[in-house]
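Student: What follows is the file my_file25.tsv, containing TSV, C-alpha atoms:
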chain	number	residue	atom	x	y	z
O	1	MET	CA	131.87	143.01	83.41
O	2	ALA	CA	132.17	140.90	86.52
O	3	GLU	CA	130.49	137.52	86.57
O	4	THR	CA	127.27	137.27	88.57
O	5	VAL	CA	124.96	134.56	89.78
O	6	GLU	CA	121.20	134.75	90.31
O	7	VAL	CA	120.17	133.95	93.87
O	8	THR	CA	116.47	133.46	94.60
O	9	VAL	CA	115.61	133.77	98.27
O	10	GLN	CA	112.41	132.92	100.09
O	11	ARG	CA	111.11	135.94	101.96
O	12	TYR	CA	108.49	135.97	104.68
O	13	ASN	CA	107.51	138.86	106.89
O	14	PRO	CA	104.96	137.67	109.47
O	15	GLU	CA	103.67	141.23	109.90
O	16	THR	CA	102.80	141.78	106.24
O	17	ASP	CA	102.85	138.44	104.38
O	18	SER	CA	100.21	135.73	104.54
O	19	ALA	CA	102.59	133.29	102.86
O	20	PRO	CA	106.24	133.28	101.79
O	21	ARG	CA	107.28	134.72	98.43
O	22	LEU	CA	110.45	134.49	96.36
O	23	GLN	CA	112.80	137.38	95.62
O	24	THR	CA	115.73	137.25	93.21
O	25	TYR	CA	119.05	139.03	93.59
O	26	GLU	CA	122.06	139.36	91.32
O	27	VAL	CA	125.19	138.55	93.30
O	28	PRO	CA	128.84	138.65	92.19
O	29	TYR	CA	130.18	135.20	91.41
O	30	LYS	CA	133.45	134.20	93.02
O	31	ASP	CA	134.88	130.75	92.64
O	32	ASP	CA	135.92	130.51	96.28
O	33	TRP	CA	132.61	131.73	97.70
O	34	VAL	CA	130.08	129.57	99.48
O	35	VAL	CA	126.31	130.07	99.46
O	36	LEU	CA	126.53	131.83	102.82
O	37	ASP	CA	128.90	134.42	101.27
O	38	ALA	CA	126.24	135.18	98.65
O	39	ILE	CA	123.60	135.61	101.36
O	40	LEU	CA	125.92	137.83	103.38
O	41	TYR	CA	126.50	139.92	100.24
O	42	ILE	CA	122.75	140.38	99.80
O	43	LYS	CA	122.40	141.50	103.40
O	44	ASP	CA	125.39	143.89	103.25
O	45	HIS	CA	124.90	145.40	99.79
O	46	LEU	CA	121.46	144.72	98.35
O	47	ASP	CA	118.80	144.21	101.01
O	48	ALA	CA	119.46	144.81	104.70
O	49	THR	CA	116.04	143.45	105.67
O	50	LEU	CA	116.97	139.83	104.89
O	51	SER	CA	116.98	137.63	108.01
O	52	TYR	CA	118.94	134.40	108.47
O	53	ARG	CA	121.11	132.59	111.01
O	54	TRP	CA	124.84	132.06	110.80
O	55	SER	CA	127.84	132.07	113.08
O	56	CYS	CA	131.12	130.20	112.65
O	57	ARG	CA	131.38	129.94	108.83
O	58	MET	CA	133.31	126.67	109.12
O	59	GLY	CA	130.77	123.87	109.51
O	60	ILE	CA	130.97	123.61	113.27
O	61	CYS	CA	128.15	125.63	114.81
O	62	GLY	CA	125.29	124.23	112.68
O	63	SER	CA	123.52	127.60	112.50
O	64	CYS	CA	123.44	128.25	108.75
O	65	GLY	CA	121.41	125.24	107.63
O	66	MET	CA	119.04	126.12	104.78
O	67	ASN	CA	117.49	124.44	101.77
O	68	VAL	CA	119.59	125.10	98.67
O	69	ASP	CA	117.72	124.07	95.53
O	70	GLY	CA	115.45	121.97	97.72
O	71	HIS	CA	118.20	120.10	99.55
O	72	PRO	CA	119.13	120.80	103.18
O	73	LYS	CA	122.70	122.11	103.31
O	74	LEU	CA	125.05	123.96	105.59
O	75	THR	CA	125.36	127.12	103.49
O	76	CYS	CA	128.89	127.71	104.76
O	77	SER	CA	129.94	124.39	103.18
O	78	ALA	CA	127.93	124.59	99.94
O	79	HIS	CA	130.22	126.06	97.27
O	80	LEU	CA	128.88	128.60	94.82
O	81	ARG	CA	130.70	126.84	91.96
O	82	GLU	CA	128.25	123.93	92.35
O	83	TYR	CA	125.37	126.32	91.63
O	84	ARG	CA	126.88	128.31	88.77
O	85	ARG	CA	123.54	128.62	86.95
O	86	GLY	CA	121.81	130.19	89.94
O	87	PHE	CA	120.01	128.67	92.89
O	88	THR	CA	117.15	129.06	95.32
O	89	VAL	CA	117.62	129.39	99.07
O	90	GLU	CA	114.72	128.55	101.37
O	91	PRO	CA	114.42	127.92	105.10
O	92	LEU	CA	114.81	124.33	106.28
O	93	SER	CA	111.76	122.23	105.42
O	94	ASN	CA	109.40	120.87	108.08
O	95	PHE	CA	110.01	123.74	110.54
O	96	PRO	CA	107.76	126.74	111.14
O	97	VAL	CA	109.26	129.82	109.50
O	98	ILE	CA	109.63	132.84	111.78
O	99	ARG	CA	110.98	135.24	109.18
O	100	ASP	CA	112.71	134.85	105.78
O	101	LEU	CA	115.26	132.05	106.30
O	102	VAL	CA	114.91	131.79	110.07
O	103	VAL	CA	113.02	128.79	111.43
O	104	ASP	CA	111.61	128.10	114.87
O	105	ILE	CA	113.91	125.60	116.64
O	106	ASP	CA	112.04	125.40	119.97
O	107	ASP	CA	110.50	122.01	119.14
O	108	PHE	CA	113.90	120.58	118.23
O	109	MET	CA	115.54	121.92	121.39
O	110	ALA	CA	112.79	120.42	123.58
O	111	LYS	CA	113.15	117.04	121.87
O	112	LEU	CA	116.91	117.14	122.24
O	113	LYS	CA	116.63	117.81	125.95
O	114	SER	CA	114.06	115.06	126.43
O	115	VAL	CA	116.61	112.32	125.61
O	116	LYS	CA	119.07	113.60	128.23
O	117	PRO	CA	122.06	114.04	125.93
O	118	TRP	CA	124.57	114.05	128.72
O	119	ILE	CA	126.24	111.41	130.88
O	120	VAL	CA	123.80	110.10	133.46
O	121	ARG	CA	125.24	108.34	136.51
O	122	GLU	CA	123.29	106.47	139.13
O	123	LEU	CA	125.84	107.56	141.67
O	124	GLU	CA	128.44	110.19	140.89
O	125	GLN	CA	131.99	109.12	141.60
O	126	PRO	CA	133.79	111.54	143.94
O	127	LEU	CA	136.19	113.82	142.05
O	128	GLY	CA	139.08	112.50	144.12
O	129	ASP	CA	138.57	109.04	142.62
O	130	GLY	CA	139.80	110.35	139.25
O	131	GLU	CA	138.43	110.21	135.74
O	132	TYR	CA	136.04	107.71	134.22
O	133	LEU	CA	138.47	105.85	132.00
O	134	GLN	CA	137.65	104.48	128.55
O	135	SER	CA	139.58	102.41	126.04
O	136	ASN	CA	139.88	103.51	122.42
O	137	ASN	CA	137.56	100.67	121.42
O	138	GLN	CA	134.93	101.90	123.87
O	139	ILE	CA	135.18	105.39	122.38
O	140	ASP	CA	134.86	103.91	118.88
O	141	HIS	CA	131.44	102.50	119.81
O	142	TYR	CA	129.88	105.97	119.97
O	143	ARG	CA	132.40	108.27	118.26
O	144	GLN	CA	130.43	108.63	115.03
O	145	PHE	CA	127.23	109.69	116.81
O	146	SER	CA	129.11	112.29	118.85
O	147	GLN	CA	129.90	114.30	115.71
O	148	CYS	CA	126.36	115.75	115.55
O	149	ILE	CA	126.35	119.57	115.52
O	150	ASN	CA	122.56	119.98	115.90
O	151	CYS	CA	122.20	121.66	112.53
O	152	MET	CA	118.76	120.07	112.01
O	153	LEU	CA	119.43	119.20	108.36
O	154	CYS	CA	118.33	115.64	109.15
O	155	TYR	CA	114.94	116.92	110.33
O	156	ALA	CA	114.54	118.94	107.14
O	157	ALA	CA	115.33	115.83	105.07
O	158	CYS	CA	112.93	113.58	106.99
O	159	PRO	CA	109.41	113.32	105.47
O	160	VAL	CA	108.25	111.48	108.60
O	161	TYR	CA	109.00	114.59	110.68
O	162	GLY	CA	107.22	116.64	108.00
O	163	MET	CA	104.11	114.49	108.30
O	164	GLU	CA	104.28	113.81	112.04
O	165	PRO	CA	105.86	116.80	113.79
O	166	GLU	CA	105.64	114.99	117.13
O	167	PHE	CA	108.28	112.50	115.89
O	168	LEU	CA	111.34	112.68	118.15
O	169	GLY	CA	113.50	112.87	115.05
O	170	PRO	CA	116.91	111.71	113.81
O	171	ALA	CA	119.36	113.94	115.68
O	172	ALA	CA	117.75	113.49	119.09
O	173	ILE	CA	117.72	109.70	118.68
O	174	ALA	CA	121.31	109.67	117.37
O	175	LEU	CA	122.43	111.63	120.42
O	176	ALA	CA	120.51	109.33	122.75
O	177	ARG	CA	122.28	106.44	121.05
O	178	ARG	CA	125.62	108.20	121.50
O	179	TYR	CA	125.14	108.31	125.27
O	180	ASN	CA	123.59	104.85	125.50
O	181	LEU	CA	126.75	103.45	123.89
O	182	ASP	CA	129.05	105.39	126.20
O	183	SER	CA	130.63	103.07	128.77
O	184	ARG	CA	130.52	105.87	131.39
O	185	ASP	CA	126.78	106.37	131.03
O	186	GLU	CA	124.08	104.65	133.08
O	187	GLY	CA	121.03	106.45	131.70
O	188	THR	CA	119.77	103.92	129.15
O	189	VAL	CA	116.76	102.99	131.27
O	190	GLU	CA	115.83	106.65	131.72
O	191	ARG	CA	116.02	107.29	127.98
O	192	VAL	CA	114.13	104.21	126.85
O	193	ASN	CA	110.75	105.64	127.86
O	194	VAL	CA	111.26	108.56	125.49
O	195	LEU	CA	112.87	106.53	122.71
O	196	ALA	CA	110.36	103.68	122.74
O	197	ALA	CA	107.31	105.93	123.02
O	198	SER	CA	104.93	106.00	120.04
O	199	GLU	CA	106.51	109.22	118.75
O	200	GLY	CA	110.02	107.82	119.22
O	201	ILE	CA	111.98	105.25	117.23
O	202	TRP	CA	108.89	103.41	115.95
O	203	GLU	CA	107.75	106.42	113.93
O	204	CYS	CA	110.79	106.01	111.68
O	205	SER	CA	110.14	103.95	108.55
O	206	PHE	CA	113.76	104.11	107.41
O	207	ILE	CA	113.73	106.43	104.44
O	208	GLY	CA	117.39	107.10	105.21
O	209	GLU	CA	117.63	110.67	103.94
O	210	CYS	CA	118.69	111.93	107.37
O	211	SER	CA	121.99	110.11	106.96
O	212	VAL	CA	122.44	111.42	103.41
O	213	ALA	CA	121.81	115.02	104.53
O	214	CYS	CA	124.14	114.96	107.54
O	215	PRO	CA	127.14	117.22	106.84
O	216	LYS	CA	129.24	115.57	109.56
O	217	GLY	CA	128.90	111.96	108.42
O	218	VAL	CA	126.72	110.92	111.34
O	219	ASP	CA	124.33	108.10	110.45
O	220	PRO	CA	121.11	108.83	112.39
O	221	ALA	CA	119.19	106.18	110.43
O	222	LYS	CA	121.65	103.59	111.71
O	223	ALA	CA	121.25	104.90	115.27
O	224	ILE	CA	117.47	104.60	115.02
O	225	GLN	CA	117.47	101.08	113.59
O	226	GLN	CA	120.06	99.89	116.14
O	227	THR	CA	117.99	101.41	118.94
O	228	LYS	CA	114.89	99.60	117.65
O	229	PHE	CA	116.80	96.32	117.70
O	230	ASP	CA	118.25	96.91	121.16
O	231	THR	CA	114.88	97.98	122.56
O	232	VAL	CA	113.13	94.84	121.35
O	233	ASN	CA	116.07	92.71	122.44
O	234	GLY	CA	116.04	94.33	125.89
O	235	ALA	CA	112.28	93.84	126.25
O	236	ILE	CA	112.53	90.15	125.31
O	237	MET	CA	115.45	89.59	127.65
O	238	SER	CA	113.79	91.28	130.60
O	239	THR	CA	110.22	90.03	130.20
O	240	VAL	CA	110.49	86.63	128.54
O	241	LEU	CA	113.89	85.11	129.09
O	242	MET	CA	114.76	86.60	132.45
O	243	PRO	CA	111.48	87.80	134.01
O	244	PHE	CA	112.83	87.46	137.54
O	245	GLY	CA	116.18	89.05	136.81
O	246	ASN	CA	117.50	92.24	138.29
O	247	ARG	CA	115.27	94.77	136.56
O	248	ARG	CA	115.70	98.46	137.18
L	1	MET	CA	95.88	134.64	106.25
L	2	SER	CA	96.82	131.48	104.36
L	3	ASP	CA	95.39	128.13	105.41
L	4	ALA	CA	98.95	126.93	105.87
L	5	ALA	CA	99.89	129.72	108.24
L	6	ASP	CA	99.43	129.06	111.91
L	7	LEU	CA	99.86	130.89	115.13
L	8	GLY	CA	103.11	130.26	116.95
L	9	ALA	CA	103.37	129.76	120.69
L	10	GLY	CA	104.55	133.34	121.22
L	11	PRO	CA	103.35	136.59	119.71
L	12	ALA	CA	105.17	135.96	116.40
L	13	ARG	CA	103.14	134.38	113.60
L	14	THR	CA	104.94	131.53	111.91
L	15	PHE	CA	104.39	129.80	108.61
L	16	ARG	CA	104.58	126.03	108.22
L	17	ARG	CA	104.56	124.73	104.68
L	18	PRO	CA	102.56	121.49	104.41
L	19	LEU	CA	104.50	118.50	103.10
L	20	GLY	CA	101.93	117.82	100.39
L	21	GLY	CA	100.76	114.54	98.87
L	22	GLY	CA	103.42	114.36	96.17
L	23	TRP	CA	106.40	114.65	98.51
L	24	PHE	CA	107.84	111.30	97.37
L	25	LEU	CA	108.25	112.62	93.83
L	26	ARG	CA	110.67	115.34	94.93
L	27	GLN	CA	113.70	113.09	95.18
L	28	PRO	CA	114.65	109.72	93.67
L	29	SER	CA	115.49	108.37	97.13
L	30	TYR	CA	112.00	109.25	98.40
L	31	PHE	CA	110.50	107.52	95.35
L	32	LEU	CA	112.57	104.36	95.87
L	33	TYR	CA	111.45	104.31	99.49
L	34	MET	CA	107.82	104.33	98.34
L	35	VAL	CA	108.57	101.52	95.87
L	36	ARG	CA	110.08	99.53	98.74
L	37	GLU	CA	106.92	100.07	100.78
L	38	LEU	CA	104.76	99.16	97.77
L	39	THR	CA	106.46	95.76	97.44
L	40	VAL	CA	104.45	94.61	100.44
L	41	VAL	CA	101.21	95.00	98.47
L	42	PHE	CA	102.45	92.60	95.78
L	43	MET	CA	103.84	90.14	98.32
L	44	THR	CA	100.52	90.15	100.16
L	45	ALA	CA	98.54	89.75	96.93
L	46	TRP	CA	100.62	86.72	95.94
L	47	LEU	CA	100.20	85.14	99.38
L	48	VAL	CA	96.43	85.70	99.28
L	49	TRP	CA	96.34	84.03	95.84
L	50	PHE	CA	98.45	81.16	97.20
L	51	LEU	CA	96.14	80.68	100.18
L	52	TYR	CA	93.14	80.72	97.84
L	53	GLU	CA	94.72	77.91	95.82
L	54	VAL	CA	95.35	75.92	99.00
L	55	TRP	CA	91.70	76.41	99.96
L	56	LEU	CA	90.63	75.21	96.50
L	57	LEU	CA	92.87	72.19	96.95
L	58	LYS	CA	91.17	71.40	100.24
L	59	GLN	CA	87.78	71.74	98.55
L	60	LYS	CA	89.05	69.37	95.84
L	61	ALA	CA	88.23	72.09	93.32
L	62	PHE	CA	91.79	73.05	92.46
L	63	VAL	CA	92.51	73.85	88.84
L	64	SER	CA	96.11	74.80	88.17
L	65	LEU	CA	96.46	78.16	86.46
L	66	ASN	CA	100.23	78.10	86.62
L	67	GLY	CA	100.45	77.81	82.85
L	68	ASN	CA	98.28	80.89	82.40
L	69	TYR	CA	100.31	83.85	81.09
L	70	ALA	CA	98.55	86.36	83.34
L	71	VAL	CA	99.35	84.27	86.42
L	72	LEU	CA	102.91	83.82	85.19
L	73	VAL	CA	103.42	87.56	84.70
L	74	PHE	CA	101.82	88.27	88.07
L	75	SER	CA	104.14	85.73	89.75
L	76	VAL	CA	107.26	87.16	88.07
L	77	VAL	CA	106.31	90.72	89.07
L	78	CYS	CA	105.69	89.55	92.64
L	79	LEU	CA	109.02	87.70	92.65
L	80	LEU	CA	110.88	90.82	91.49
L	81	PHE	CA	109.23	92.96	94.16
L	82	THR	CA	109.95	90.29	96.78
L	83	LEU	CA	113.61	90.14	95.77
L	84	TYR	CA	113.85	93.95	95.88
L	85	HIS	CA	112.30	93.94	99.34
L	86	ALA	CA	114.61	91.13	100.53
L	87	VAL	CA	117.73	92.87	99.22
L	88	THR	CA	116.84	96.25	100.76
L	89	PHE	CA	115.95	94.52	104.03
L	90	LEU	CA	119.08	92.35	104.24
L	91	ASN	CA	121.30	95.27	103.24
L	92	LEU	CA	120.30	96.78	106.58
L	93	SER	CA	121.53	93.79	108.54
L	94	GLY	CA	125.15	94.97	108.46
L	95	LEU	CA	124.01	98.35	109.67
L	96	ILE	CA	121.82	97.16	112.51
L	97	LEU	CA	123.15	93.90	113.88
L	98	ARG	CA	126.11	94.27	116.17
L	99	ILE	CA	127.78	90.92	116.75
L	100	PRO	CA	130.35	91.31	119.53
L	101	ILE	CA	133.81	89.89	119.00
L	102	GLY	CA	135.79	90.64	122.16
L	103	ASP	CA	135.35	94.36	122.83
L	104	ARG	CA	134.76	95.09	119.15
L	105	PHE	CA	131.97	94.20	116.73
L	106	ALA	CA	131.95	92.08	113.59
L	107	PRO	CA	132.43	94.19	110.43
L	108	ALA	CA	129.19	95.12	108.67
L	109	VAL	CA	130.23	93.35	105.48
L	110	ILE	CA	130.55	90.03	107.36
L	111	VAL	CA	127.12	90.44	108.96
L	112	LYS	CA	125.60	91.28	105.59
L	113	GLY	CA	127.34	88.33	103.97
L	114	LEU	CA	125.92	86.01	106.62
L	115	ALA	CA	122.43	87.42	106.08
L	116	PHE	CA	122.52	86.95	102.31
L	117	GLY	CA	124.18	83.55	102.77
L	118	GLY	CA	121.35	82.58	105.13
L	119	LEU	CA	118.73	83.62	102.57
L	120	LEU	CA	120.48	81.61	99.87
L	121	PHE	CA	120.75	78.58	102.17
L	122	VAL	CA	117.06	78.68	103.15
L	123	THR	CA	116.04	79.11	99.49
L	124	VAL	CA	118.13	76.16	98.31
L	125	VAL	CA	117.07	73.89	101.18
L	126	GLY	CA	113.41	74.92	100.78
L	127	GLY	CA	113.58	74.26	97.03
L	128	ALA	CA	115.25	70.89	97.57
L	129	VAL	CA	112.54	69.86	100.06
L	130	MET	CA	109.80	70.90	97.59
L	131	VAL	CA	111.44	68.84	94.84
L	132	TYR	CA	111.96	65.87	97.20
L	133	LEU	CA	108.31	65.92	98.28
L	134	GLY	CA	107.18	66.15	94.68
L	135	TYR	CA	105.53	69.60	94.93
L	136	VAL	CA	107.88	70.89	92.25
L	137	LYS	CA	108.87	68.85	89.23
L	138	LEU	CA	112.20	69.61	87.56
Written as structure tokens, how would this file's structure read?
Tutor:
Amino acid sequence: MAETVEVTVQRYNPETDSAPRLQTYEVPYKDDWVVLDAILYIKDHLDATLSYRWSCRMGICGSCGMNVDGHPKLTCSAHLREYRRGFTVEPLSNFPVIRDLVVDIDDFMAKLKSVKPWIVRELEQPLGDGEYLQSNNQIDHYRQFSQCINCMLCYAACPVYGMEPEFLGPAAIALARRYNLDSRDEGTVERVNVLAASEGIWECSFIGECSVACPKGVDPAKAIQQTKFDTVNGAIMSTVLMPFGNRR
Amino acid sequence: MSDAADLGAGPARTFRRPLGGGWFLRQPSYFLYMVRELTVVFMTAWLVWFLYEVWLLKQKAFVSLNGNYAVLVFSVVCLLFTLYHAVTFLNLSGLILRIPIGDRFAPAVIVKGLAFGGLLFVTVVGGAVMVYLGYVKL
């Protein structure tokens, strides 16, 4: 008889359920499968009503983030062999659940947009003038923060976001930091109002789980603490030490 | 409809699970975070006690309780919590402080070393001053 593994999945149908419930499935165990393969098997062979998000299957798109045994994971990168005794799959914590394993990402998308995660220029250089050049060292300043794939695992790992949903959150701040550190960008002043607002960087009390949960090795906690330091430093420089300087 | 369920912005009804009061017991890292936050209570308590002793001194009513076992245990516990807080705080220095060296930044381990070195220096100098002024007898 083929080996199997017990997969317990959180189900929620907004039309019939007042609260989520758990449902268990018996899925074939294969050593080279990931958790997403098990979920795909359930959908294809056992229960076609199961809803979830997925796309690339190779840790790039950030769509298949779910809680596996209580920990936020990219299910396409979580190997079944690590959960040989069975496991529970739930939607990412701290987000409203739309259906089964699908969460509402509207709040995250709005927060992401609010920090202007793109290169802001005061005056665009004409195309004919060529590229904005950078040295390797300049790229190194922000490279780590540019690896974010918007999978939202850091939000699911962050109790502050769970308690205070208005918190801007780790990924949005890490991306703001990424552009603030980019030598081609001139949007730091535009972003500081969002970052330094009461629901911005100061909400973070440095639990640090966002950095642990990140599947791409980004360190959002570092981005947040560095931004706190730079914000205070900038405020002191502009208001105390150089009050009559060239302030924008 | 459950208390936890709420109405979404659109027609679909969504469910948001509350974090719950015992969230910090779910993971060891969450628990250690709460311990780190709790250290402040002990540090504050020790400082309040210290200020009370200074006030007694000013009132010329000071009676040293430093030999009292309860005070000793309290002071040791406060010291341990203070050290834990200091270590967790200074460990961040390498992460946060960016000291420019040319167009690069000083390695985190150097920054952290300087931070811990600074703490050690201040502790030794502070202790030496206390001994010199006669506040502490060796």
Student: Between chain O and chain L, at 8 Å or less, what are the per-residue closest atom pairs and their distances in Å? Count all atoms listed in the file, order by chain and rising residue number, and return it as CSV.
Tutor:
residue,atom,partner,partner_atom,distance
O:Pro14,CA,L:Arg13,CA,5.6
O:Glu15,CA,L:Arg13,CA,7.8
O:Ser18,CA,L:Met1,CA,4.8
O:Ala19,CA,L:Ser2,CA,6.2
O:Pro20,CA,L:Phe15,CA,7.9
O:Ser93,CA,L:Arg17,CA,7.7
O:Asn94,CA,L:Arg16,CA,7.1
O:Phe95,CA,L:Arg16,CA,6.3
O:Pro96,CA,L:Arg16,CA,4.4
O:Val97,CA,L:Phe15,CA,5.0
O:Ile98,CA,L:Thr14,CA,4.9
O:Arg99,CA,L:Thr14,CA,7.6
O:Asn137,CA,L:Arg104,CA,6.6
O:Gln138,CA,L:Asp103,CA,7.6
O:Pro159,CA,L:Leu19,CA,7.5
O:Gly162,CA,L:Leu19,CA,5.9
O:Met163,CA,L:Leu19,CA,6.6
O:Ile207,CA,L:Tyr33,CA,5.8
O:Glu209,CA,L:Ser29,CA,7.5
O:Lys222,CA,L:Leu95,CA,6.1
O:Gln225,CA,L:Ile96,CA,6.0
O:Gln226,CA,L:Ile96,CA,4.9
O:Phe229,CA,L:Ile96,CA,7.3
Student: One decimal, in Å: what's the spacing between atom CA of L:Val136 and atom CA of L:Ser75?
Tutor: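 These two atoms are separated by 15.5 Å.
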Student: Enter the distance from atom CA of L:Met43 to atom CA of L:Leu79, in Å, rounded to one decimal.
Tutor: 8.1 Å
Student: List the spatial neighbours of O:Glu166 as a list of chain:residue names - criterion: any atom at most 12 Å away, all atoms listed in the file, same-chain residues fewer than 5 positions off excluded.
Tutor: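 The filter keeps O:Asn94, O:Phe95, O:Asp107, O:Phe108, O:Ala110, O:Lys111, O:Tyr155, O:Val160, O:Tyr161, O:Val194, O:Ala197, O:Ser198, O:Glu199, O:Gly200, O:Ile201, O:Glu203, O:Cys204.
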Student: In Å, rounded to a single decimal, give me how far atom CA of O:Thr8 is from atom CA of O:Tyr25.
Tutor: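 Between these atoms lies a distance of 6.2 Å.
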Student: Do a neighbour search on O:Asp100 at 9 Å with only C-alpha atoms, toss out local chain neighbours closer than 5 positions, and write the hits as a ChimeraX atom specification.
Tutor: /O:9-13,20,50-52,90-91
